[in-house]
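Trainee: Encoded as structure tokens, here's the structure I'll be asking about.
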Amino acid sequence: MNRSNEDLFEESITAGSDFLQLNVEDAPVGGLSEWLADRFRWAICDGLLSLGSRLPASRVLARDLRVSRGVVTEAYQRLSEEGYVAGRGRSGTIVVGAPGRTPPARPRSDPAGATATDAVFTAAPGVEVFDSLRAAAARIDLSPGVPDLAAFPRAAWLRAERSLLADLGSSALGYGDPRGSPALRGAVANWLARNRGILADPADVIITAGTAQALGLFAEVLVEAGIREVAVEDPGSLGARQHLHNRRLATPPVPVDADGIDVGALRATGAPAVLLTPAHQFPTGVVLGGDRRRELMRWVDEGGLVIEDDYDAEHRYDRPPVQALRSTLGERVCYAGSVSKLLAPALRIGWFLAPPRYRDAVVAAKRFADLGNAALPQLVLARLMESGETERHLRLLRRRHRRRRDAMIDAIGAHLPDATVHGAAAGLHLTITFDAGFSDVDLAAASLAYGVKVQPLSWHRQCPGRPGLVLGYAASAPTAIGEGVAVIGEALRRVR
């Protein structure tokens with residue numbers, strides 16, 4: 001039967017959605033779900049969709065756009081995994097937040113022609129470089145160092161907080177010990193004993209605003225003690241070097257190979273202290289080997305001081321647990337850890353164990369820095385740690401992170417076949433290197449111009465080395481990871 005003009009007109013006006021003025025003709029071929037998710041991300045970050053806004057029912061939006069319902073449900077699932085929305089049963093899909101993201105870039109006809117997005121890569125990285133990179137608009141963020149924030153245990157946190165507030169005495173709301181809440185210091189001591197083999201007296205645990213503050217406070221104490229140099233791994237964390245430089249400490253580089261830091265080269269620097277990430281070296285992912293640990297022990301016996309950043313130690317997939325240096329070298333090692341990679345960086349909760357000769361000075365530095373961390377988050381975290389909730393959450397994260405790690409490795413094999421992958425057995429990121437003579441800063445800039453955010457490996461080097469990228473996978477869905485790596489592959493063809 002022939003269709004009437006009225007039928008054709010009715011179809012034409014329902015081929016899109018009034019909601020956000022969505023028009024499927026704007027979508028790229030084969031990318032409907034990501035296109036739709038991207039439009040919602042942009043609307044949420046730009047304020048068009050406020051917290052509590054309800055998205056259209058998937059069947060209604062699918063009908064309006066004349067696409068399969070699966071396209072819409074996949075887009076909603078991506079947004080849910082990234083922490084933008086949450087299902088609320090009969091209330092539908094609700095906007096719950098924009099987790100640390102800037103609005104994705106609007107579509108451009110010539111991605112490589114953008115100038116604003118790659119301005120962060122035009123000069124040597126300064127102290128503001130990470131702030132600038134976080135503020136840069138990107139469709140897919142593969143920056144390292146961020147866990148799956150959408151998996152934050154909101155319900156468990158709220159239960160613990162409600163229970164805590166119901167029982168909390170008024171005196172607990174006053175000023176406390178600058179070392180931190182006794183409850184959290186006890187919970188941390190138990191956590192370290194269970195999970196890192198470290199025996200620590202709760203009285204010796206100092207609660208800090210993350211590992212960054214612990215490093216800054218201890219650097220201040222070292223300068224007061226007359227120390228002027230702290231050796232660092234190369235490649236090694238640019239952010240850690242910046243904190244040391246801020247305290248006027250020099251950072252002589254020591255090369256890292258497949259067994260970790262070269263202790264002979266460390267001894268040759270003459271530096272009295274060294275900052276290490278022995279369980280999962282940043283950014284290469286190598287583990288400090290047994291022979292190197294014994295060499296390091298001899299260096300410590302000669303008077304050397306080790307600052308251990310237990311970076312990513314809990315996130316492991318294809319290898320057994322690695323002992324913390326603190327567990328074998330005891331109080332000759334300064335130990336720093338945090339929940340930034342386990343729960344969320346926004347909590348700003350970490351811990352520090354200092355050798356006895358420095359302990360009082362670190363406590364004094366903490367006192368004059370801020371009088372101690374906020375009490376309520378400490379007490380809530382203590383309940384979660386003592387209840388076993390943090391271990392349950394870690395098991396969940398390991399499964400999710402492993403799937404995302406696998407997705408990134410598969411994507412690298414497909415789109416970057418010439419890349420060498422480092423550090424796949426653990427952590428929240430991979431490092432890839434290339435046997436080629438191009439600039440990895442140019443590659444990172446080209447990737448950002450295409451809407452994918454990464455860090456160049458050269459940012460984390462003080463000495464020359466092969467070009468590469470540091471790619472975080474924990475905070476992105478597998479589909480976004482695959483798309484992001486494909487974009488990097490296209491950007492690589494442009495910079496070579």
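Each chain in the structure tokens gets a letter, A, B, ..., in the order shown, and its residues are numbered from 1; ligands are numbered from 1 in order too.
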I need the residues in segment 389-446 of chain A that are strand (DSSP E or B) according to DSSP; give them as a ChimeraX atom specification.

Mentor: /A:420-422,426,429-433

Trainee: Please produce an output containing N, CA, C and O atoms for each residue in the selection, written as a PDB file, in the first residue's frame.

Mentor:
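Writing done, so here's part.pdb:
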ATOM      1  N   THR A 420      56.363  -1.357  21.509  1.00  0.00           N
ATOM      2  CA  THR A 420      56.723  -2.326  22.543  1.00  0.00           C
ATOM      3  C   THR A 420      55.982  -1.958  23.818  1.00  0.00           C
ATOM      4  O   THR A 420      56.028  -0.801  24.257  1.00  0.00           O
ATOM      5  N   VAL A 421      55.291  -2.935  24.402  1.00  0.00           N
ATOM      6  CA  VAL A 421      54.475  -2.703  25.601  1.00  0.00           C
ATOM      7  C   VAL A 421      55.288  -3.015  26.848  1.00  0.00           C
ATOM      8  O   VAL A 421      55.954  -4.053  26.926  1.00  0.00           O
ATOM      9  N   HIS A 422      55.220  -2.143  27.838  1.00  0.00           N
ATOM     10  CA  HIS A 422      55.922  -2.325  29.108  1.00  0.00           C
ATOM     11  C   HIS A 422      54.924  -2.245  30.266  1.00  0.00           C
ATOM     12  O   HIS A 422      53.985  -1.447  30.233  1.00  0.00           O
ATOM     13  N   ALA A 426      50.706  -5.398  35.891  1.00  0.00           N
ATOM     14  CA  ALA A 426      50.116  -4.751  37.061  1.00  0.00           C
ATOM     15  C   ALA A 426      49.883  -3.284  36.763  1.00  0.00           C
ATOM     16  O   ALA A 426      50.304  -2.767  35.728  1.00  0.00           O
ATOM     17  N   HIS A 429      48.221   1.550  34.171  1.00  0.00           N
ATOM     18  CA  HIS A 429      48.649   2.117  32.895  1.00  0.00           C
ATOM     19  C   HIS A 429      49.608   1.157  32.196  1.00  0.00           C
ATOM     20  O   HIS A 429      50.149   0.218  32.808  1.00  0.00           O
ATOM     21  N   LEU A 430      49.808   1.390  30.914  1.00  0.00           N
ATOM     22  CA  LEU A 430      50.857   0.752  30.140  1.00  0.00           C
ATOM     23  C   LEU A 430      51.776   1.839  29.607  1.00  0.00           C
ATOM     24  O   LEU A 430      51.348   2.968  29.370  1.00  0.00           O
ATOM     25  N   THR A 431      53.025   1.485  29.399  1.00  0.00           N
ATOM     26  CA  THR A 431      53.944   2.360  28.669  1.00  0.00           C
ATOM     27  C   THR A 431      54.294   1.671  27.361  1.00  0.00           C
ATOM     28  O   THR A 431      54.548   0.455  27.342  1.00  0.00           O
ATOM     29  N   ILE A 432      54.264   2.421  26.277  1.00  0.00           N
ATOM     30  CA  ILE A 432      54.685   1.876  24.991  1.00  0.00           C
ATOM     31  C   ILE A 432      55.855   2.703  24.477  1.00  0.00           C
ATOM     32  O   ILE A 432      55.920   3.910  24.696  1.00  0.00           O
ATOM     33  N   THR A 433      56.797   2.034  23.823  1.00  0.00           N
ATOM     34  CA  THR A 433      57.937   2.715  23.232  1.00  0.00           C
ATOM     35  C   THR A 433      58.073   2.311  21.777  1.00  0.00           C
ATOM     36  O   THR A 433      57.537   1.269  21.342  1.00  0.00           O
TER      37      THR A 433
END

Trainee: For segment 263-268 of chain A, please output as a ChimeraX atom specification all residues within 10 Å (counting only C-alpha atoms; exclusion window: fewer than 6 positions along the same chain).

Mentor: /A:231-233,252-256,274,291-299,304

Trainee: What's the separation between atom CA of Pro355 of chain A and atom CA of Asn195 of chain A, in Å to one decimal place?

Mentor: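 Computed distance, atom CA of Pro355 of chain A to atom CA of Asn195 of chain A, equals 20.8 Å.
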
Trainee: How many Å separate atom CA of Glu34 of chain A from atom CA of Arg404 of chain A?

Mentor: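 Calculated distance between atom CA of Glu34 of chain A and atom CA of Arg404 of chain A is 17.0 Å.
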
Trainee: Check the DSSP output for the backbone and give back, as a PyMOL selection string, the residues of segment 182-400 of chain A in helix (DSSP H, G or I).

Mentor: chain A and resi 182-196+202-204+210-224+238-246+263-269+290-301+325-332+345-347+356-370+375-387+389-400

Trainee: Have a look at A:Leu276, A:Leu249, A:Ala475, A:Ala135 and name the one nearest to Asp262 of chain A; count only C-alpha atoms.

Mentor: A:Leu276

Trainee: List as a PyMOL selection string the protein and nucleic acid residues near Ser17 of chain A, meaning an atom at most 12 Å away when only C-alpha atoms are counted, but skip any in the same chain fewer than 3 places from it.

Mentor: chain A and resi 12-14+20-25+36+56+60-67

Trainee: Generate a file of the selected residues that holds all heavy atoms, formatted as a short mmCIF file (atom, residue, chain, number, x, y, z; two decimals), in the first residue's frame.

Mentor:
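The resulting file, result38.cif, is shown below:
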data_model
loop_
_atom_site.label_atom_id
_atom_site.label_comp_id
_atom_site.auth_asym_id
_atom_site.auth_seq_id
_atom_site.Cartn_x
_atom_site.Cartn_y
_atom_site.Cartn_z
N SER A 12 9.45 12.28 8.78
CA SER A 12 10.53 13.25 8.68
C SER A 12 10.71 14.05 9.96
O SER A 12 11.83 14.40 10.31
CB SER A 12 10.27 14.21 7.50
OG SER A 12 9.19 15.08 7.81
N ILE A 13 9.63 14.33 10.66
CA ILE A 13 9.79 15.14 11.87
C ILE A 13 10.14 14.29 13.09
O ILE A 13 10.47 14.82 14.14
CB ILE A 13 8.51 15.95 12.18
CG1 ILE A 13 7.34 15.02 12.51
CG2 ILE A 13 8.19 16.89 11.04
CD1 ILE A 13 6.12 15.74 13.01
N THR A 14 10.09 12.95 12.94
CA THR A 14 10.47 12.10 14.07
C THR A 14 11.79 11.39 13.81
O THR A 14 12.14 10.46 14.51
CB THR A 14 9.37 11.05 14.34
OG1 THR A 14 9.18 10.26 13.15
CG2 THR A 14 8.08 11.72 14.74
N LEU A 20 18.14 17.61 23.33
CA LEU A 20 19.50 18.01 22.95
C LEU A 20 19.64 18.18 21.44
O LEU A 20 20.75 18.24 20.92
CB LEU A 20 20.54 17.01 23.45
CG LEU A 20 20.60 16.78 24.96
CD1 LEU A 20 21.70 15.78 25.29
CD2 LEU A 20 20.82 18.09 25.69
N GLN A 21 18.52 18.26 20.72
CA GLN A 21 18.54 18.46 19.28
C GLN A 21 19.44 17.42 18.60
O GLN A 21 20.28 17.73 17.76
CB GLN A 21 19.01 19.87 18.90
CG GLN A 21 18.04 20.98 19.31
CD GLN A 21 18.09 21.27 20.80
OE1 GLN A 21 19.13 21.57 21.34
NE2 GLN A 21 16.92 21.18 21.45
N LEU A 22 19.23 16.17 18.95
CA LEU A 22 20.03 15.08 18.40
C LEU A 22 19.59 14.75 16.98
O LEU A 22 18.40 14.64 16.71
CB LEU A 22 19.91 13.83 19.28
CG LEU A 22 20.43 13.98 20.72
CD1 LEU A 22 20.03 12.78 21.56
CD2 LEU A 22 21.94 14.14 20.71
N ASN A 23 20.57 14.58 16.12
CA ASN A 23 20.30 14.26 14.72
C ASN A 23 21.30 13.20 14.29
O ASN A 23 22.52 13.46 14.24
CB ASN A 23 20.44 15.51 13.85
CG ASN A 23 20.12 15.25 12.39
OD1 ASN A 23 19.92 14.11 11.98
ND2 ASN A 23 20.07 16.30 11.60
N VAL A 24 20.82 12.00 13.98
CA VAL A 24 21.73 10.90 13.67
C VAL A 24 22.52 11.14 12.39
O VAL A 24 23.54 10.48 12.16
CB VAL A 24 20.97 9.57 13.55
CG1 VAL A 24 20.42 9.13 14.88
CG2 VAL A 24 19.86 9.67 12.51
N GLU A 25 22.10 12.10 11.57
CA GLU A 25 22.88 12.39 10.38
C GLU A 25 24.25 12.98 10.72
O GLU A 25 25.16 12.99 9.88
CB GLU A 25 22.12 13.35 9.46
CG GLU A 25 20.87 12.72 8.84
CD GLU A 25 20.15 13.69 7.91
OE1 GLU A 25 20.64 14.82 7.75
OE2 GLU A 25 19.11 13.29 7.36
N LEU A 36 26.48 9.16 20.32
CA LEU A 36 25.40 9.50 21.24
C LEU A 36 25.94 9.73 22.64
O LEU A 36 25.57 10.72 23.31
CB LEU A 36 24.36 8.38 21.24
CG LEU A 36 23.10 8.61 22.08
CD1 LEU A 36 22.37 9.87 21.63
CD2 LEU A 36 22.18 7.39 22.00
N PRO A 56 16.04 10.38 28.44
CA PRO A 56 14.87 9.71 27.87
C PRO A 56 14.98 8.20 28.02
O PRO A 56 16.09 7.64 28.04
CB PRO A 56 14.93 10.11 26.39
CG PRO A 56 15.80 11.32 26.34
CD PRO A 56 16.78 11.18 27.45
N VAL A 60 12.27 5.05 23.94
CA VAL A 60 11.72 6.29 23.38
C VAL A 60 12.77 6.99 22.52
O VAL A 60 12.48 7.41 21.40
CB VAL A 60 11.24 7.22 24.51
CG1 VAL A 60 10.84 8.58 23.95
CG2 VAL A 60 10.08 6.58 25.26
N LEU A 61 13.98 7.09 23.03
CA LEU A 61 15.02 7.77 22.27
C LEU A 61 15.39 6.98 21.02
O LEU A 61 15.62 7.57 19.95
CB LEU A 61 16.26 7.97 23.15
CG LEU A 61 17.38 8.82 22.54
CD1 LEU A 61 16.86 10.20 22.12
CD2 LEU A 61 18.54 8.96 23.51
N ALA A 62 15.42 5.67 21.13
CA ALA A 62 15.70 4.84 19.95
C ALA A 62 14.63 5.05 18.88
O ALA A 62 14.95 5.15 17.68
CB ALA A 62 15.79 3.38 20.35
N ARG A 63 13.39 5.15 19.30
CA ARG A 63 12.31 5.37 18.34
C ARG A 63 12.44 6.75 17.70
O ARG A 63 12.29 6.90 16.48
CB ARG A 63 10.96 5.25 19.04
CG ARG A 63 9.74 5.39 18.11
CD ARG A 63 8.46 5.43 18.92
NE ARG A 63 8.44 6.62 19.78
CZ ARG A 63 7.86 6.67 20.98
NH1 ARG A 63 7.27 5.59 21.47
NH2 ARG A 63 7.86 7.78 21.68
N ASP A 64 12.76 7.76 18.51
CA ASP A 64 12.89 9.11 17.96
C ASP A 64 14.03 9.21 16.95
O ASP A 64 13.92 9.90 15.93
CB ASP A 64 13.13 10.12 19.09
CG ASP A 64 11.89 10.36 19.92
OD1 ASP A 64 10.80 9.90 19.52
OD2 ASP A 64 12.01 11.01 20.99
N LEU A 65 15.14 8.54 17.26
CA LEU A 65 16.31 8.62 16.39
C LEU A 65 16.27 7.61 15.25
O LEU A 65 17.13 7.65 14.37
CB LEU A 65 17.59 8.41 17.21
CG LEU A 65 17.89 9.43 18.31
CD1 LEU A 65 19.14 9.04 19.07
CD2 LEU A 65 18.03 10.82 17.72
N ARG A 66 15.30 6.70 15.32
CA ARG A 66 15.17 5.63 14.32
C ARG A 66 16.44 4.79 14.27
O ARG A 66 17.02 4.55 13.21
CB ARG A 66 14.83 6.20 12.96
CG ARG A 66 13.41 6.77 12.91
CD ARG A 66 13.15 7.58 11.66
NE ARG A 66 13.49 6.82 10.45
CZ ARG A 66 13.81 7.40 9.29
NH1 ARG A 66 13.86 8.72 9.20
NH2 ARG A 66 14.09 6.67 8.24
N VAL A 67 16.90 4.38 15.46
CA VAL A 67 18.03 3.47 15.59
C VAL A 67 17.59 2.31 16.47
O VAL A 67 16.53 2.34 17.09
CB VAL A 67 19.26 4.17 16.22
CG1 VAL A 67 19.71 5.34 15.35
CG2 VAL A 67 18.96 4.64 17.65
#

Trainee: Can you tell me, as a PyMOL selection string, what residues are no more than 9 Å from Val487 of chain A when counting only C-alpha atoms, ignoring any on the same chain fewer than 6 positions away?

Mentor: chain A and resi 415+447+450-452

Trainee: So that I can see what lies close to segment 188-190 of chain A, please list as number ranges by chain the residues with an atom at most 7 Å from it, counting only C-alpha atoms and leaving out residues fewer than 4 positions away in the same chain.

Mentor: A: 184, 194, 200-202

Trainee: List the neighbours of Ser143 of chain A out to 8 Å using only C-alpha atoms; skip same-chain residues closer than 5 positions along the sequence, and give me the result as JSON, numbers by chain.

Mentor: {"A": [453, 454, 455, 470, 471, 472, 473]}

Trainee: Would you mind exporting the chosen residues as an mmCIF file, in the first residue's frame, restricted to all heavy atoms?

Mentor:
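Result written to selection_21.cif:
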data_model
loop_
_atom_site.group_PDB
_atom_site.id
_atom_site.type_symbol
_atom_site.label_atom_id
_atom_site.label_comp_id
_atom_site.auth_asym_id
_atom_site.auth_seq_id
_atom_site.Cartn_x
_atom_site.Cartn_y
_atom_site.Cartn_z
ATOM 1 N N LYS A 453 43.577 12.057 24.938
ATOM 2 C CA LYS A 453 44.546 12.632 25.866
ATOM 3 C C LYS A 453 45.510 11.552 26.362
ATOM 4 O O LYS A 453 45.081 10.510 26.872
ATOM 5 C CB LYS A 453 43.806 13.257 27.048
ATOM 6 C CG LYS A 453 44.604 14.221 27.881
ATOM 7 C CD LYS A 453 43.752 14.784 29.013
ATOM 8 C CE LYS A 453 42.557 15.572 28.537
ATOM 9 N NZ LYS A 453 41.854 16.245 29.652
ATOM 10 N N VAL A 454 46.834 11.794 26.196
ATOM 11 C CA VAL A 454 47.871 10.872 26.653
ATOM 12 C C VAL A 454 49.041 11.695 27.198
ATOM 13 O O VAL A 454 49.069 12.916 27.045
ATOM 14 C CB VAL A 454 48.367 9.963 25.508
ATOM 15 C CG1 VAL A 454 47.247 9.098 24.970
ATOM 16 C CG2 VAL A 454 48.978 10.801 24.379
ATOM 17 N N GLN A 455 49.998 11.017 27.803
ATOM 18 C CA GLN A 455 51.219 11.680 28.263
ATOM 19 C C GLN A 455 52.421 11.139 27.500
ATOM 20 O O GLN A 455 52.575 9.913 27.371
ATOM 21 C CB GLN A 455 51.437 11.460 29.761
ATOM 22 C CG GLN A 455 50.479 12.225 30.649
ATOM 23 C CD GLN A 455 50.794 12.047 32.125
ATOM 24 O OE1 GLN A 455 51.868 11.557 32.510
ATOM 25 N NE2 GLN A 455 49.859 12.445 32.980
ATOM 26 N N VAL A 470 52.713 7.115 27.796
ATOM 27 C CA VAL A 470 52.200 6.489 29.004
ATOM 28 C C VAL A 470 50.682 6.551 28.910
ATOM 29 O O VAL A 470 50.103 7.639 28.838
ATOM 30 C CB VAL A 470 52.701 7.205 30.272
ATOM 31 C CG1 VAL A 470 52.304 6.417 31.512
ATOM 32 C CG2 VAL A 470 54.214 7.381 30.226
ATOM 33 N N LEU A 471 50.044 5.367 28.880
ATOM 34 C CA LEU A 471 48.617 5.267 28.567
ATOM 35 C C LEU A 471 47.856 4.662 29.739
ATOM 36 O O LEU A 471 48.077 3.497 30.098
ATOM 37 C CB LEU A 471 48.408 4.388 27.327
ATOM 38 C CG LEU A 471 49.171 4.780 26.053
ATOM 39 C CD1 LEU A 471 48.981 3.724 24.980
ATOM 40 C CD2 LEU A 471 48.702 6.136 25.563
ATOM 41 N N GLY A 472 46.954 5.418 30.334
ATOM 42 C CA GLY A 472 46.099 4.891 31.389
ATOM 43 C C GLY A 472 44.889 4.187 30.812
ATOM 44 O O GLY A 472 44.298 4.648 29.836
ATOM 45 N N TYR A 473 44.516 3.057 31.415
ATOM 46 C CA TYR A 473 43.355 2.312 30.922
ATOM 47 C C TYR A 473 42.269 2.137 31.973
ATOM 48 O O TYR A 473 41.135 1.789 31.645
ATOM 49 C CB TYR A 473 43.781 0.932 30.408
ATOM 50 C CG TYR A 473 44.594 0.109 31.380
ATOM 51 C CD1 TYR A 473 44.007 -0.551 32.458
ATOM 52 C CD2 TYR A 473 45.961 -0.029 31.213
ATOM 53 C CE1 TYR A 473 44.755 -1.303 33.343
ATOM 54 C CE2 TYR A 473 46.730 -0.781 32.087
ATOM 55 C CZ TYR A 473 46.124 -1.425 33.143
ATOM 56 O OH TYR A 473 46.877 -2.164 34.027
#

Trainee: I want to know what sits within 12 Å of Gly489 of chain A, based on only C-alpha atoms, with residues of the same chain fewer than 3 positions away left out; could you give that as an mmCIF file with C-alpha atoms, in the first residue's frame?

Mentor:
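So the final result, stored in selection.cif, reads:
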data_model
loop_
_atom_site.group_PDB
_atom_site.id
_atom_site.type_symbol
_atom_site.label_atom_id
_atom_site.label_comp_id
_atom_site.auth_asym_id
_atom_site.auth_seq_id
_atom_site.Cartn_x
_atom_site.Cartn_y
_atom_site.Cartn_z
ATOM 1 C CA ALA A 411 44.105 -2.395 20.526
ATOM 2 C CA ILE A 412 47.847 -1.702 20.564
ATOM 3 C CA GLY A 413 48.456 -4.930 18.665
ATOM 4 C CA ALA A 414 45.897 -3.917 16.055
ATOM 5 C CA HIS A 415 46.690 -0.220 15.631
ATOM 6 C CA LEU A 416 50.269 0.226 16.901
ATOM 7 C CA PRO A 417 51.994 -3.012 15.848
ATOM 8 C CA ASP A 418 55.472 -1.447 16.016
ATOM 9 C CA ALA A 419 55.078 -0.445 19.671
ATOM 10 C CA LEU A 443 52.599 12.379 18.935
ATOM 11 C CA ALA A 444 50.823 13.348 22.175
ATOM 12 C CA ALA A 446 48.560 15.149 17.496
ATOM 13 C CA SER A 447 46.532 12.644 19.538
ATOM 14 C CA TYR A 450 42.156 14.258 17.466
ATOM 15 C CA VAL A 452 42.554 11.647 22.782
ATOM 16 C CA LEU A 469 53.594 7.198 25.535
ATOM 17 C CA GLY A 482 39.968 0.723 21.521
ATOM 18 C CA GLU A 483 38.828 3.904 19.825
ATOM 19 C CA GLY A 484 41.483 5.960 21.588
ATOM 20 C CA VAL A 485 44.341 3.676 20.571
ATOM 21 C CA ALA A 486 43.050 3.678 16.992
ATOM 22 C CA LEU A 492 51.399 8.360 14.590
ATOM 23 C CA ARG A 493 51.117 8.137 10.817
ATOM 24 C CA ARG A 494 50.948 11.937 10.691
ATOM 25 C CA VAL A 495 54.000 12.646 12.842
ATOM 26 C CA ARG A 496 56.380 10.060 11.362
#

Trainee: For the contact check between segment 134-229 of chain A and segment 372-378 of chain A, emit one row per residue of segment 134-229 of chain A within 7 Å, containing the shortest atom pair and the distance in Å rounded to one decimal, counting only C-alpha atoms, chain then rising number order, as JSON lines.

Mentor:
{"residue": "A:Asp177", "atom": "CA", "partner": "A:Gly372", "partner_atom": "CA", "distance": 6.8}
{"residue": "A:Pro178", "atom": "CA", "partner": "A:Gly372", "partner_atom": "CA", "distance": 4.2}
{"residue": "A:Arg179", "atom": "CA", "partner": "A:Gly372", "partner_atom": "CA", "distance": 6.4}
{"residue": "A:Gly180", "atom": "CA", "partner": "A:Gly372", "partner_atom": "CA", "distance": 6.0}
{"residue": "A:Ser181", "atom": "CA", "partner": "A:Gln378", "partner_atom": "CA", "distance": 6.6}
{"residue": "A:Leu184", "atom": "CA", "partner": "A:Gln378", "partner_atom": "CA", "distance": 5.9}
{"residue": "A:Thr208", "atom": "CA", "partner": "A:Asn373", "partner_atom": "CA", "distance": 6.6}
{"residue": "A:Ala209", "atom": "CA", "partner": "A:Asn373", "partner_atom": "CA", "distance": 6.6}
